[in-house]
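Shown next, in structure tokens, is the structure this report addresses.
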Amino acid sequence: MEISPRVVQFDDLSEVIADAEALQRSGYSSLGEWSLGQTCTHLSSVMRAFIEGFPEPPSSARFPLWLTRNTLARFGGGREMLIRTVTGSIETFPEMVPSSDVVDADGLDALRDWVARTKGHDGAFSSSPSVGVLGAQELDALHRLHCAHHLGFLMPTARKADTAGRA
């Protein structure tokens with residue numbers, strides 16, 4: 001598992017939005033593969049999948065996901081460990097890999113929307129192919145860890161004003 005260089009911890013999903021907005025304001029450098037817009041789009045797609053359902057896993061991943069879900073994920077201690085381990089350690093679904101042309105503002109708008117939907121969701125959540133069905137508190141913890149992992153690859157920088165006075 002690749003460890004994100006910036007240590008980020010979120011106690012609430014609202015803090016995720018504040019961090020992403022601060023990165024957009026200050027500017028950032030990416031030490032990973034994705035921009036802020038791509039990161040926010042990916043995080044949104046995972047939140048969406050827990051509400052609307054996951055895509056079908058690739059055939060090569062079906063058995064490993066089934067095995068994980070039906071062994072470690074069935075036990076309380078195993079599930080907590082798995083939630084921490086899954087975050088950033090498994091290859092994502094192709095449908096959840098963001099396009100390289102995502103604009104930061106659009107990705108951030110999508111993340112705002114899906115954080116609000118996730119926080120306001122009062123029904124059951126979709127079963128994850130890797131960890132199974134999660135309760136609201138477990139899912140909140142997973143989302144906060146997942147967001148911290150990905151946003152940790154974006155390092156804030158101070159933008160210099162250009163000659164027109166824009167940042």
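Within each chain, counting starts at residue 1; across the structure tokens, chains are named A, B, ... in the order shown, with ligands numbered 1 upward in that order.
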
Residues near stretch 52-63 of chain A, cut-off 10 Å, only C-alpha atoms, skip fewer than 3 positions along chain, as a JSON list (two decimals) with N, CA, C and O atoms, in the first residue's frame:
```
[["chain", "number", "residue", "atom", "x", "y", "z"],
["A", 45, "SER", "N", -17.35, 9.20, -6.64],
["A", 45, "SER", "CA", -17.85, 7.98, -7.27],
["A", 45, "SER", "C", -17.95, 6.83, -6.27],
["A", 45, "SER", "O", -18.86, 6.00, -6.36],
["A", 46, "VAL", "N", -17.05, 6.79, -5.30],
["A", 46, "VAL", "CA", -17.13, 5.75, -4.27],
["A", 46, "VAL", "C", -18.33, 6.02, -3.36],
["A", 46, "VAL", "O", -19.09, 5.10, -3.02],
["A", 47, "MET", "N", -18.52, 7.27, -2.96],
["A", 47, "MET", "CA", -19.69, 7.61, -2.13],
["A", 47, "MET", "C", -20.98, 7.28, -2.88],
["A", 47, "MET", "O", -21.92, 6.74, -2.29],
["A", 48, "ARG", "N", -21.00, 7.59, -4.14],
["A", 48, "ARG", "CA", -22.17, 7.30, -4.98],
["A", 48, "ARG", "C", -22.45, 5.80, -5.03],
["A", 48, "ARG", "O", -23.60, 5.36, -4.92],
["A", 49, "ALA", "N", -21.39, 4.99, -5.17],
["A", 49, "ALA", "CA", -21.56, 3.54, -5.27],
["A", 49, "ALA", "C", -22.17, 2.96, -4.00],
["A", 49, "ALA", "O", -22.96, 2.02, -4.07],
["A", 66, "TRP", "N", -14.65, -11.73, -3.22],
["A", 66, "TRP", "CA", -15.55, -12.64, -2.51],
["A", 66, "TRP", "C", -14.85, -13.23, -1.28],
["A", 66, "TRP", "O", -15.42, -13.27, -0.19],
["A", 67, "LEU", "N", -13.62, -13.67, -1.45],
["A", 67, "LEU", "CA", -12.86, -14.27, -0.36],
["A", 67, "LEU", "C", -12.66, -13.27, 0.78],
["A", 67, "LEU", "O", -12.89, -13.59, 1.95],
["A", 68, "THR", "N", -12.26, -12.07, 0.45],
["A", 68, "THR", "CA", -12.06, -11.02, 1.46],
["A", 68, "THR", "C", -13.36, -10.70, 2.19],
["A", 68, "THR", "O", -13.41, -10.64, 3.41],
["A", 69, "ARG", "N", -14.41, -10.50, 1.41],
["A", 69, "ARG", "CA", -15.71, -10.15, 1.98],
["A", 69, "ARG", "C", -16.26, -11.25, 2.88],
["A", 69, "ARG", "O", -16.90, -10.99, 3.90],
["A", 91, "GLU", "N", -6.87, -1.95, -6.16],
["A", 91, "GLU", "CA", -7.12, -1.27, -7.43],
["A", 91, "GLU", "C", -8.61, -0.99, -7.53],
["A", 91, "GLU", "O", -9.44, -1.84, -7.22],
["A", 92, "THR", "N", -8.93, 0.19, -7.96],
["A", 92, "THR", "CA", -10.33, 0.58, -8.02],
["A", 92, "THR", "C", -10.99, 0.08, -9.31],
["A", 92, "THR", "O", -10.32, -0.34, -10.25],
["A", 93, "PHE", "N", -12.30, 0.13, -9.32],
["A", 93, "PHE", "CA", -13.05, -0.23, -10.51],
["A", 93, "PHE", "C", -12.72, 0.75, -11.63],
["A", 93, "PHE", "O", -12.56, 1.94, -11.38],
["A", 94, "PRO", "N", -12.62, 0.28, -12.87],
["A", 94, "PRO", "CA", -12.32, 1.21, -13.97],
["A", 94, "PRO", "C", -13.32, 2.37, -14.04],
["A", 94, "PRO", "O", -12.94, 3.48, -14.38],
["A", 95, "GLU", "N", -14.58, 2.11, -13.68],
["A", 95, "GLU", "CA", -15.60, 3.17, -13.72],
["A", 95, "GLU", "C", -15.35, 4.26, -12.67],
["A", 95, "GLU", "O", -15.93, 5.33, -12.74],
["A", 96, "MET", "N", -14.49, 3.97, -11.70],
["A", 96, "MET", "CA", -14.21, 4.94, -10.64],
["A", 96, "MET", "C", -12.87, 5.65, -10.83],
["A", 96, "MET", "O", -12.45, 6.42, -9.98],
["A", 125, "PHE", "N", -27.29, 1.11, 2.86],
["A", 125, "PHE", "CA", -26.20, 1.35, 1.92],
["A", 125, "PHE", "C", -25.96, 0.09, 1.11],
["A", 125, "PHE", "O", -26.20, -1.02, 1.57],
["A", 126, "SER", "N", -25.44, 0.28, -0.10],
["A", 126, "SER", "CA", -25.12, -0.85, -0.97],
["A", 126, "SER", "C", -23.96, -1.64, -0.40],
["A", 126, "SER", "O", -23.07, -1.09, 0.25],
["A", 127, "SER", "N", -23.98, -2.91, -0.67],
["A", 127, "SER", "CA", -22.91, -3.80, -0.22],
["A", 127, "SER", "C", -21.65, -3.55, -1.04],
["A", 127, "SER", "O", -21.69, -3.51, -2.27],
["A", 128, "SER", "N", -20.53, -3.40, -0.35],
["A", 128, "SER", "CA", -19.25, -3.24, -1.01],
["A", 128, "SER", "C", -18.72, -4.60, -1.44],
["A", 128, "SER", "O", -18.79, -5.56, -0.66],
["A", 129, "PRO", "N", -18.17, -4.69, -2.64],
["A", 129, "PRO", "CA", -17.58, -5.97, -3.07],
["A", 129, "PRO", "C", -16.44, -6.44, -2.18],
["A", 129, "PRO", "O", -16.14, -7.62, -2.13],
["A", 130, "SER", "N", -15.80, -5.53, -1.44],
["A", 130, "SER", "CA", -14.66, -5.92, -0.62],
["A", 130, "SER", "C", -14.97, -6.06, 0.86],
["A", 130, "SER", "O", -14.38, -6.89, 1.54]]
```

Quick one: residues within 7 Å of stretch 108-123 of chain A, only C-alpha atoms counted, chain neighbours fewer than 3 positions away excluded, as a JSON list (two decimals) with N, CA, C and O atoms, in the first residue's frame?
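Result file selection14.json:
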```json
[["chain", "number", "residue", "atom", "x", "y", "z"],
["A", 13, "LEU", "N", -17.04, 14.37, 7.65],
["A", 13, "LEU", "CA", -16.93, 14.54, 6.20],
["A", 13, "LEU", "C", -16.92, 16.00, 5.78],
["A", 13, "LEU", "O", -16.39, 16.34, 4.72],
["A", 17, "ILE", "N", -14.43, 18.55, 2.75],
["A", 17, "ILE", "CA", -14.74, 19.66, 1.85],
["A", 17, "ILE", "C", -13.86, 20.86, 2.17],
["A", 17, "ILE", "O", -13.30, 21.49, 1.27],
["A", 37, "GLY", "N", -9.24, 17.80, -8.92],
["A", 37, "GLY", "CA", -10.51, 17.47, -9.56],
["A", 37, "GLY", "C", -10.69, 15.97, -9.75],
["A", 37, "GLY", "O", -11.77, 15.43, -9.50],
["A", 40, "CYS", "N", -11.28, 14.38, -6.21],
["A", 40, "CYS", "CA", -12.65, 14.63, -5.74],
["A", 40, "CYS", "C", -13.67, 13.81, -6.53],
["A", 40, "CYS", "O", -14.63, 13.30, -5.96],
["A", 41, "THR", "N", -13.44, 13.67, -7.82],
["A", 41, "THR", "CA", -14.34, 12.88, -8.65],
["A", 41, "THR", "C", -14.31, 11.41, -8.23],
["A", 41, "THR", "O", -15.36, 10.76, -8.14],
["A", 43, "LEU", "N", -13.44, 10.18, -5.23],
["A", 43, "LEU", "CA", -14.07, 10.07, -3.91],
["A", 43, "LEU", "C", -15.59, 10.13, -4.03],
["A", 43, "LEU", "O", -16.31, 9.37, -3.37],
["A", 44, "SER", "N", -16.08, 10.99, -4.90],
["A", 44, "SER", "CA", -17.52, 11.10, -5.15],
["A", 44, "SER", "C", -18.09, 9.81, -5.73],
["A", 44, "SER", "O", -19.18, 9.37, -5.35],
["A", 47, "MET", "N", -18.52, 7.27, -2.96],
["A", 47, "MET", "CA", -19.69, 7.61, -2.13],
["A", 47, "MET", "C", -20.98, 7.28, -2.88],
["A", 47, "MET", "O", -21.92, 6.74, -2.29],
["A", 48, "ARG", "N", -21.00, 7.59, -4.14],
["A", 48, "ARG", "CA", -22.17, 7.30, -4.98],
["A", 48, "ARG", "C", -22.45, 5.80, -5.03],
["A", 48, "ARG", "O", -23.60, 5.36, -4.92],
["A", 104, "ASP", "N", -10.76, 21.01, -11.62],
["A", 104, "ASP", "CA", -10.81, 20.98, -10.16],
["A", 104, "ASP", "C", -12.15, 21.44, -9.61],
["A", 104, "ASP", "O", -12.72, 20.80, -8.72],
["A", 105, "ALA", "N", -12.68, 22.54, -10.13],
["A", 105, "ALA", "CA", -13.94, 23.08, -9.61],
["A", 105, "ALA", "C", -15.09, 22.09, -9.81],
["A", 105, "ALA", "O", -15.95, 21.94, -8.93]]
```

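Using only C-alpha atoms, the nearest neighbour of A:Ser14 within the list A:Pro64, A:Asp106, A:Cys147, A:Glu33 is A:Cys147.
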
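Nearest to A:Ser100 of all the residues A:Ser26, A:Ser4, A:Thr39, A:Thr71 is A:Thr39, counting only C-alpha atoms.
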
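The smallest atom-to-atom distance between A:Gly152 and any of A:Asp12, A:Gln24, A:Gly32, A:Gly135, using only C-alpha atoms, is found for A:Gly32.
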
Practice problem: Write out as number ranges by chain which residues come within 9 Å of A:Leu31 when counting only C-alpha atoms, dropping same-chain ones fewer than 3 positions away. | Solution: A: 4-5, 34, 152-155

Check the DSSP output for the backbone and give back, as a compact mmCIF listing (two decimals) with N, CA and C atoms, in the first residue's frame, the residues of stretch 1-127 of chain A in alpha helix (DSSP H).
```txt
# COMPACT_ATOMS: atom_id res chain seq x y z
N LEU A 13 -17.04 14.37 7.65
CA LEU A 13 -16.93 14.54 6.20
C LEU A 13 -16.92 16.00 5.78
N SER A 14 -17.48 16.89 6.59
CA SER A 14 -17.44 18.33 6.27
C SER A 14 -16.00 18.83 6.22
N GLU A 15 -15.13 18.23 7.02
CA GLU A 15 -13.72 18.62 7.03
C GLU A 15 -13.05 18.25 5.70
N VAL A 16 -13.56 17.23 5.04
CA VAL A 16 -13.03 16.84 3.73
C VAL A 16 -13.23 17.99 2.75
N ILE A 17 -14.43 18.55 2.75
CA ILE A 17 -14.74 19.66 1.85
C ILE A 17 -13.86 20.86 2.17
N ALA A 18 -13.70 21.17 3.45
CA ALA A 18 -12.86 22.31 3.84
C ALA A 18 -11.42 22.12 3.37
N ASP A 19 -10.89 20.90 3.48
CA ASP A 19 -9.53 20.64 3.04
C ASP A 19 -9.41 20.78 1.52
N ALA A 20 -10.36 20.22 0.80
CA ALA A 20 -10.33 20.31 -0.67
C ALA A 20 -10.47 21.77 -1.12
N GLU A 21 -11.32 22.53 -0.47
CA GLU A 21 -11.46 23.95 -0.81
C GLU A 21 -10.18 24.72 -0.51
N ALA A 22 -9.52 24.40 0.60
CA ALA A 22 -8.25 25.05 0.93
C ALA A 22 -7.18 24.73 -0.11
N LEU A 23 -7.15 23.49 -0.58
CA LEU A 23 -6.21 23.12 -1.63
C LEU A 23 -6.49 23.90 -2.92
N GLN A 24 -7.76 24.05 -3.24
CA GLN A 24 -8.12 24.79 -4.44
C GLN A 24 -7.70 26.26 -4.31
N ARG A 25 -7.92 26.84 -3.13
CA ARG A 25 -7.56 28.25 -2.91
C ARG A 25 -6.04 28.47 -2.92
N SER A 26 -5.32 27.62 -2.21
CA SER A 26 -3.88 27.83 -2.04
C SER A 26 -3.07 27.39 -3.24
N LEU A 36 -6.57 17.56 -8.06
CA LEU A 36 -7.64 17.76 -7.08
C LEU A 36 -8.99 17.37 -7.68
N GLY A 37 -9.24 17.80 -8.92
CA GLY A 37 -10.51 17.47 -9.56
C GLY A 37 -10.69 15.97 -9.75
N GLN A 38 -9.63 15.30 -10.16
CA GLN A 38 -9.70 13.85 -10.32
C GLN A 38 -9.90 13.14 -8.97
N THR A 39 -9.19 13.60 -7.96
CA THR A 39 -9.32 13.02 -6.63
C THR A 39 -10.74 13.17 -6.11
N CYS A 40 -11.28 14.38 -6.21
CA CYS A 40 -12.65 14.63 -5.74
C CYS A 40 -13.67 13.81 -6.53
N THR A 41 -13.44 13.67 -7.82
CA THR A 41 -14.34 12.88 -8.65
C THR A 41 -14.31 11.41 -8.23
N HIS A 42 -13.13 10.88 -7.98
CA HIS A 42 -13.01 9.49 -7.52
C HIS A 42 -13.70 9.30 -6.17
N LEU A 43 -13.44 10.18 -5.23
CA LEU A 43 -14.07 10.07 -3.91
C LEU A 43 -15.59 10.13 -4.03
N SER A 44 -16.08 10.99 -4.90
CA SER A 44 -17.52 11.10 -5.15
C SER A 44 -18.09 9.81 -5.73
N SER A 45 -17.35 9.20 -6.64
CA SER A 45 -17.85 7.98 -7.27
C SER A 45 -17.95 6.83 -6.27
N VAL A 46 -17.05 6.79 -5.30
CA VAL A 46 -17.13 5.75 -4.27
C VAL A 46 -18.33 6.02 -3.36
N MET A 47 -18.52 7.27 -2.96
CA MET A 47 -19.69 7.61 -2.13
C MET A 47 -20.98 7.28 -2.88
N ARG A 48 -21.00 7.59 -4.14
CA ARG A 48 -22.17 7.30 -4.98
C ARG A 48 -22.45 5.80 -5.03
N ALA A 49 -21.39 4.99 -5.17
CA ALA A 49 -21.56 3.54 -5.27
C ALA A 49 -22.17 2.96 -4.00
N PHE A 50 -21.84 3.52 -2.85
CA PHE A 50 -22.42 3.02 -1.61
C PHE A 50 -23.90 3.35 -1.48
N ILE A 51 -24.36 4.30 -2.27
CA ILE A 51 -25.79 4.66 -2.24
C ILE A 51 -26.52 4.06 -3.44
N GLU A 52 -25.94 4.13 -4.62
CA GLU A 52 -26.62 3.67 -5.84
C GLU A 52 -26.22 2.27 -6.30
N SER A 59 -13.78 -9.65 -13.87
CA SER A 59 -13.79 -11.08 -13.58
C SER A 59 -12.56 -11.52 -12.80
N SER A 60 -11.41 -10.92 -13.06
CA SER A 60 -10.19 -11.31 -12.34
C SER A 60 -10.23 -10.93 -10.87
N ALA A 61 -11.09 -9.99 -10.50
CA ALA A 61 -11.16 -9.55 -9.10
C ALA A 61 -12.29 -10.20 -8.32
N ARG A 62 -13.19 -10.90 -8.98
CA ARG A 62 -14.37 -11.43 -8.30
C ARG A 62 -14.04 -12.40 -7.17
N PHE A 63 -13.18 -13.37 -7.43
CA PHE A 63 -12.88 -14.34 -6.37
C PHE A 63 -12.13 -13.70 -5.21
N PRO A 64 -11.07 -12.90 -5.46
CA PRO A 64 -10.40 -12.26 -4.31
C PRO A 64 -11.34 -11.36 -3.49
N LEU A 65 -12.23 -10.65 -4.16
CA LEU A 65 -13.19 -9.81 -3.43
C LEU A 65 -14.16 -10.67 -2.62
N TRP A 66 -14.65 -11.73 -3.22
CA TRP A 66 -15.55 -12.64 -2.51
C TRP A 66 -14.85 -13.23 -1.28
N LEU A 67 -13.62 -13.67 -1.45
CA LEU A 67 -12.86 -14.27 -0.36
C LEU A 67 -12.66 -13.27 0.78
N THR A 68 -12.26 -12.07 0.45
CA THR A 68 -12.06 -11.02 1.46
C THR A 68 -13.36 -10.70 2.19
N ARG A 69 -14.41 -10.50 1.41
CA ARG A 69 -15.71 -10.15 1.98
C ARG A 69 -16.26 -11.25 2.88
N ASN A 70 -15.99 -12.49 2.54
CA ASN A 70 -16.57 -13.60 3.28
C ASN A 70 -15.63 -14.21 4.33
N GLY A 76 -15.81 -8.67 13.37
CA GLY A 76 -15.69 -7.28 13.81
C GLY A 76 -14.28 -6.73 13.74
N GLY A 77 -13.33 -7.37 14.41
CA GLY A 77 -11.95 -6.90 14.38
C GLY A 77 -11.36 -6.96 12.99
N GLY A 78 -11.71 -8.01 12.28
CA GLY A 78 -11.24 -8.15 10.91
C GLY A 78 -11.80 -7.07 10.02
N ARG A 79 -13.06 -6.71 10.24
CA ARG A 79 -13.69 -5.68 9.43
C ARG A 79 -13.03 -4.32 9.66
N GLU A 80 -12.76 -3.98 10.91
CA GLU A 80 -12.10 -2.70 11.20
C GLU A 80 -10.73 -2.65 10.54
N MET A 81 -9.97 -3.73 10.65
CA MET A 81 -8.65 -3.80 10.02
C MET A 81 -8.79 -3.72 8.51
N LEU A 82 -9.78 -4.40 7.97
CA LEU A 82 -9.97 -4.41 6.53
C LEU A 82 -10.34 -3.02 6.01
N ILE A 83 -11.18 -2.30 6.75
CA ILE A 83 -11.55 -0.95 6.33
C ILE A 83 -10.30 -0.08 6.24
N ARG A 84 -9.40 -0.21 7.21
CA ARG A 84 -8.16 0.56 7.17
C ARG A 84 -7.25 0.11 6.03
N THR A 85 -7.21 -1.19 5.80
CA THR A 85 -6.33 -1.75 4.77
C THR A 85 -6.84 -1.49 3.37
N VAL A 86 -8.15 -1.61 3.17
CA VAL A 86 -8.74 -1.44 1.84
C VAL A 86 -8.49 -0.03 1.32
N ASP A 104 -10.76 21.01 -11.62
CA ASP A 104 -10.81 20.98 -10.16
C ASP A 104 -12.15 21.44 -9.61
N ALA A 105 -12.68 22.54 -10.13
CA ALA A 105 -13.94 23.08 -9.61
C ALA A 105 -15.09 22.09 -9.81
N ASP A 106 -15.10 21.38 -10.92
CA ASP A 106 -16.17 20.40 -11.18
C ASP A 106 -16.06 19.21 -10.24
N GLY A 107 -14.84 18.73 -10.03
CA GLY A 107 -14.65 17.63 -9.09
C GLY A 107 -15.05 18.02 -7.68
N LEU A 108 -14.69 19.23 -7.28
CA LEU A 108 -15.05 19.72 -5.95
C LEU A 108 -16.55 19.87 -5.80
N ASP A 109 -17.22 20.35 -6.83
CA ASP A 109 -18.69 20.44 -6.79
C ASP A 109 -19.32 19.06 -6.62
N ALA A 110 -18.81 18.07 -7.34
CA ALA A 110 -19.33 16.70 -7.22
C ALA A 110 -19.10 16.17 -5.81
N LEU A 111 -17.94 16.44 -5.24
CA LEU A 111 -17.65 15.97 -3.89
C LEU A 111 -18.58 16.63 -2.86
N ARG A 112 -18.80 17.92 -3.01
CA ARG A 112 -19.74 18.61 -2.10
C ARG A 112 -21.11 17.92 -2.16
N ASP A 113 -21.56 17.66 -3.38
CA ASP A 113 -22.87 17.03 -3.58
C ASP A 113 -22.94 15.65 -2.93
N TRP A 114 -21.93 14.80 -3.16
CA TRP A 114 -21.98 13.45 -2.63
C TRP A 114 -21.70 13.36 -1.14
N VAL A 115 -20.95 14.30 -0.60
CA VAL A 115 -20.81 14.35 0.87
C VAL A 115 -22.17 14.69 1.48
N ALA A 116 -22.86 15.67 0.92
CA ALA A 116 -24.19 16.03 1.44
C ALA A 116 -25.16 14.86 1.31
N ARG A 117 -25.16 14.19 0.17
CA ARG A 117 -26.05 13.05 -0.02
C ARG A 117 -25.72 11.92 0.95
N THR A 118 -24.44 11.67 1.15
CA THR A 118 -24.02 10.60 2.06
C THR A 118 -24.44 10.93 3.49
N LYS A 119 -24.19 12.16 3.91
CA LYS A 119 -24.55 12.56 5.28
C LYS A 119 -26.06 12.55 5.49
N GLY A 120 -26.82 12.84 4.44
CA GLY A 120 -28.27 12.89 4.55
C GLY A 120 -28.98 11.58 4.24
```

Quiz item: Interatomic distance between atom CA of A:His149 and atom CA of A:Val7?
Solution: 8.2 Å

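What separates atom CA of A:Asp11 from atom CA of A:Leu134 is a distance of 18.2 Å.
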
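Atom CA of A:Pro98 to atom CA of A:Leu151 spans 14.5 Å [interatomic distance, one decimal].
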